[in-house]
>>> print(open('start_38.txt').read())   # compact mmCIF, C-alpha atoms
# COMPACT_ATOMS: atom_id res chain seq x y z
CA MET A 324 -1.93 9.18 7.59
CA ARG A 325 0.95 11.46 6.69
CA LEU A 326 2.59 10.84 3.31
CA GLY A 327 6.35 10.89 3.23
CA ARG A 328 7.80 9.24 0.13
CA LEU A 329 9.69 11.77 -1.96
CA PRO A 330 10.17 11.29 -5.71
CA HIS A 331 13.11 9.05 -6.51
CA SER A 332 15.92 9.32 -9.00
CA GLU A 333 15.14 7.30 -12.13
CA ALA A 334 18.89 6.85 -12.69
CA LEU A 335 19.40 5.45 -9.19
CA LEU A 336 16.41 3.12 -9.61
CA ALA A 337 17.81 1.88 -12.92
CA ALA A 338 21.12 1.10 -11.17
CA PHE A 339 19.48 -1.23 -8.62
CA PRO A 340 19.77 -4.91 -9.49
CA ARG A 341 16.58 -6.36 -10.99
CA HIS A 342 14.77 -9.12 -9.17
CA PHE A 343 14.65 -12.34 -11.13
CA ALA A 344 12.55 -15.33 -10.14
CA ALA A 345 13.58 -18.73 -11.47
CA ALA A 346 10.13 -20.18 -10.81
CA PRO A 347 6.60 -18.78 -11.01
CA PRO A 348 5.21 -17.42 -7.74
CA PRO A 349 2.77 -19.51 -5.70
CA PRO A 350 -0.95 -18.75 -6.29
CA SER A 351 -1.18 -17.02 -2.90
CA ILE A 352 0.86 -16.26 0.21
CA PRO A 353 -1.02 -15.58 3.45
CA CYS A 354 -0.39 -12.22 5.07
CA PRO A 355 1.70 -12.45 8.24
CA ALA A 356 -0.11 -12.70 11.57
CA TRP A 357 1.74 -9.71 13.07
CA ALA A 358 0.42 -6.17 12.83
CA PRO A 359 2.64 -3.65 11.04
CA LYS A 360 4.28 -0.85 13.03
CA LEU A 361 3.48 2.73 12.08
CA VAL A 362 6.60 4.46 13.46
CA GLN A 363 4.18 7.36 14.07
CA ASN A 364 3.35 7.54 10.34
CA ASP A 365 -0.17 8.62 11.25
CA THR A 366 1.26 12.06 12.07
CA LEU A 367 4.86 12.06 10.78
CA PRO A 368 6.21 11.57 7.21
CA THR A 369 7.95 8.35 8.27
CA CYS A 370 6.37 5.78 5.92
CA THR A 371 9.74 4.92 4.34
CA VAL A 372 11.20 4.01 7.73
CA ALA A 373 8.02 2.21 8.81
CA GLY A 374 8.31 0.12 5.63
CA LEU A 375 11.92 -0.69 6.44
CA CYS A 376 10.99 -1.66 10.00
CA ASN A 377 8.17 -3.89 8.80
CA ASP A 378 10.41 -5.49 6.18
CA ALA A 379 12.80 -6.50 8.95
CA ARG A 380 9.86 -7.80 10.99
CA ALA A 381 8.61 -9.87 8.02
CA LYS A 382 12.02 -11.48 7.57
CA ALA A 383 12.38 -12.12 11.30
CA ALA A 384 8.88 -13.62 11.51
CA ALA A 385 9.71 -15.99 8.63
CA ALA A 386 12.69 -17.19 10.71
CA GLY A 387 10.56 -17.58 13.86
CA PHE A 388 11.58 -14.37 15.65
CA ASP A 389 9.78 -11.21 16.73
CA PRO A 390 12.33 -8.40 16.99
CA VAL A 391 12.07 -5.88 19.79
CA TRP A 392 11.20 -2.57 18.17
CA GLU A 393 11.02 0.91 19.57
CA ASP A 394 9.78 3.80 17.45
CA GLN A 395 12.77 5.83 18.62
CA ASP A 396 15.08 3.50 16.62
CA GLY A 397 13.21 4.40 13.42
CA LEU A 398 12.94 8.08 14.28
CA ALA A 399 16.69 8.28 14.94
CA PHE A 400 17.39 6.60 11.57
CA TYR A 401 14.96 8.98 9.83
CA ALA A 402 16.48 12.07 11.47
CA ALA A 403 20.05 11.04 10.57
CA LEU A 404 19.08 10.62 6.92
CA ALA A 405 16.90 13.76 6.80
CA GLY A 406 19.61 15.81 8.51
CA CYS A 407 17.39 16.97 11.35
CA ASP A 408 17.17 16.49 15.11
CA ALA A 409 15.49 13.27 16.26
CA THR A 410 12.62 15.19 17.84
CA LEU A 411 8.97 14.92 16.84
CA ALA A 412 8.84 18.63 15.94
CA ALA A 413 11.95 18.47 13.73
CA ILE A 414 10.74 15.34 11.91
CA GLN A 415 7.24 16.83 11.51
CA ALA A 416 8.81 19.81 9.72
CA THR A 417 10.34 17.57 7.01
CA ASP A 418 8.64 16.36 3.84
CA GLY A 419 9.72 12.71 3.94
CA LEU A 420 12.56 10.67 2.47
CA ASP A 421 13.52 9.13 -0.86
CA MET A 422 13.00 5.33 -0.55
CA LEU A 423 16.17 4.56 -2.48
CA ALA A 424 18.21 6.75 -0.14
CA VAL A 425 16.64 4.88 2.80
CA LEU A 426 17.56 1.51 1.26
CA ASP A 427 21.06 2.73 0.41
CA ARG A 428 21.76 3.98 3.94
CA ALA A 429 20.26 0.87 5.57
CA GLY A 430 22.19 -1.39 3.19
CA THR A 431 25.53 0.34 3.74
CA GLN A 432 25.23 1.34 7.42
CA GLY A 433 22.54 -0.97 8.77
CA PHE A 434 19.27 -0.20 10.46
CA ARG A 435 19.13 -0.67 14.24
CA ILE A 436 16.25 -2.70 15.61
CA GLY A 437 16.68 -3.04 19.34
CA ALA A 438 19.94 -4.90 19.91
CA SER A 439 20.34 -6.08 16.31
CA VAL A 440 21.16 -4.37 13.03
CA HIS A 441 19.18 -5.13 9.87
CA ALA A 442 20.82 -4.66 6.47
CA PRO A 443 18.21 -5.02 3.71
CA VAL A 444 18.96 -6.14 0.18
CA GLY A 445 17.58 -3.70 -2.36
CA PHE A 446 16.38 -4.80 -5.77
CA GLY A 447 14.14 -3.34 -8.43
CA LEU A 448 11.03 -4.88 -9.89
CA ASP A 449 8.27 -3.90 -12.28
CA VAL A 450 5.49 -2.69 -9.98
CA THR A 451 2.95 -3.07 -12.79
CA ASP A 452 3.66 -6.82 -12.99
CA ARG A 453 1.76 -8.79 -10.33
CA ALA A 454 3.85 -11.90 -10.92
CA ALA A 455 7.06 -9.90 -10.30
CA ILE A 456 5.68 -8.50 -7.04
CA ALA A 457 4.47 -11.96 -5.98
CA SER A 458 7.86 -13.49 -6.82
CA GLY A 459 9.57 -10.81 -4.74
CA ILE A 460 7.29 -11.58 -1.79
CA ALA A 461 7.84 -15.33 -2.22
CA SER A 462 11.61 -15.08 -2.30
CA HIS A 463 12.17 -12.21 0.17
CA GLN A 464 9.15 -12.51 2.57
CA ALA A 465 8.08 -8.98 1.61
CA VAL A 466 8.62 -6.18 -0.89
CA TYR A 467 9.05 -2.49 -0.11
CA LEU A 468 7.02 -0.46 -2.63
CA GLY A 469 6.46 3.18 -3.42
CA VAL A 470 3.01 4.27 -4.57
CA ASP A 471 1.51 7.58 -5.66
CA LEU A 472 -1.82 8.41 -4.02
CA THR A 473 -4.52 10.80 -5.19
CA GLN A 474 -6.92 12.75 -3.03
CA GLY A 475 -9.53 10.10 -3.85
CA ASP A 476 -7.26 7.40 -2.42
CA MET A 477 -6.89 9.37 0.79
CA LEU A 478 -10.67 9.56 1.20
CA ALA A 479 -11.45 5.97 0.27
CA SER A 480 -12.29 3.49 2.96
CA GLY A 481 -11.50 0.52 0.72
CA ALA A 482 -8.68 -0.54 -1.55
CA TRP A 483 -6.52 2.00 -3.33
CA THR A 484 -7.01 1.91 -7.08
CA ASP A 485 -5.30 3.32 -10.13
CA ALA A 486 -8.56 5.09 -11.02
CA ALA A 487 -9.16 7.06 -7.81
CA PRO A 488 -10.33 10.62 -8.54
CA GLY A 489 -8.52 13.81 -7.76
CA PRO A 490 -5.07 15.28 -8.14
CA LEU A 491 -1.93 13.59 -6.88
CA GLU A 492 -1.68 13.91 -3.10
CA GLY A 493 1.83 12.53 -2.71
CA GLY A 494 3.99 9.45 -2.42
CA HIS A 495 3.67 6.70 0.15
CA CYS A 496 5.75 3.67 1.04
CA ILE A 497 4.05 0.36 1.71
CA LEU A 498 5.21 -3.13 2.48
CA ALA A 499 3.55 -6.05 0.70
CA ALA A 500 4.05 -9.28 2.66
CA GLY A 501 1.30 -11.51 1.27
CA TYR A 502 -1.37 -11.76 -1.39
CA THR A 503 -4.60 -13.65 -2.03
CA GLY A 504 -4.08 -14.22 -5.73
CA LEU A 505 -2.68 -12.91 -8.98
CA THR A 506 -5.81 -11.76 -10.83
CA ASP A 507 -8.20 -8.82 -10.58
CA ALA A 508 -10.80 -11.10 -8.98
CA ASP A 509 -8.53 -11.98 -6.03
>>> encode(input="start_38.txt", output="structure tokens")
Amino acid sequence: MRLGRLPHSEALLAAFPRHFAAAPPPPSIPCPAWAPKLVQNDTLPTCTVAGLCNDARAKAAAAGFDPVWEDQDGLAFYAALAGCDATLAAIQATDGLDMLAVLDRAGTQGFRIGASVHAPVGFGLDVTDRAAIASGIASHQAVYLGVDLTQGDMLASGAWTDAAPGPLEGGHCILAAGYTGLTDAD
């Protein structure tokens, strides 16, 4: 996996509207049956665009649709934002994108998925609060999250933890679209 989430601006994050849930989240939400798309994130720093693609897929699946997706749509979006050619070599030479810049561009200019254009709604939430994450998933079908990974996380075959050993390896974008519970035991 190639990491590709660049550090974000704290000021820009603070300017995003905060997610507010009027009701507590359900105890669990099953993960969607569809498999996430990588947008070549196994070799390219495209996790932010893969997350955006999968967010659109989660919302479409909740409405009963399966959008037609070609990696080239995501790579073209990535290249336009990174200011590089939409070639594998040019994208490989970049270090990734700022998630907030990805959300801003997609929200203001749209994000092409086949014949349709997705315009996500960005909001901030406390990523240390499981109930806030669960509420975001419950009300928006998925949440687009940035995480910092250590070398230990990159070597682990299981779940990422906040206690993985080693220095910081880099930032990664993930999409959370379901959960089994709200406690450490889940």
>>> residues_around(input="start_38.txt", residues="Ala403 in chain A", least_positions_apart="6", cutoff="12 Å", atoms="only C-alpha atoms", output="list in words")
Val372, Asp396, Gly397, Ala409, Thr410, Ala413, Ile414, Leu420, Ala424, Val425, Arg428, Ala429, Gln432 and Phe434 of chain A
>>> closest_residue(input="start_38.txt", among="A:Leu478, A:Met422, A:Ala384, A:Leu505", to="Ala356 in chain A", atoms="all atoms listed in the file")
A:Ala384
>>> atom_distance(input="start_38.txt", atom1="CA of Arg380 in chain A", atom2="CA of Glu333 in chain A")
28.1 Å
>>> closest_residue(input="start_38.txt", among="A:Ala500, A:Leu411, A:Ala405, A:Cys376", to="Ala461 in chain A", atoms="all atoms listed in the file")
A:Ala500
>>> closest_residue(input="start_38.txt", among="A:Gln464, A:Gln474, A:Thr366, A:Gln415", to="Ala379 in chain A", atoms="only C-alpha atoms")
A:Gln464
>>> closest_residue(input="start_38.txt", among="A:Phe400, A:Tyr502, A:Tyr467, A:Phe446", to="Gly374 in chain A", atoms="all atoms listed in the file")
A:Tyr467
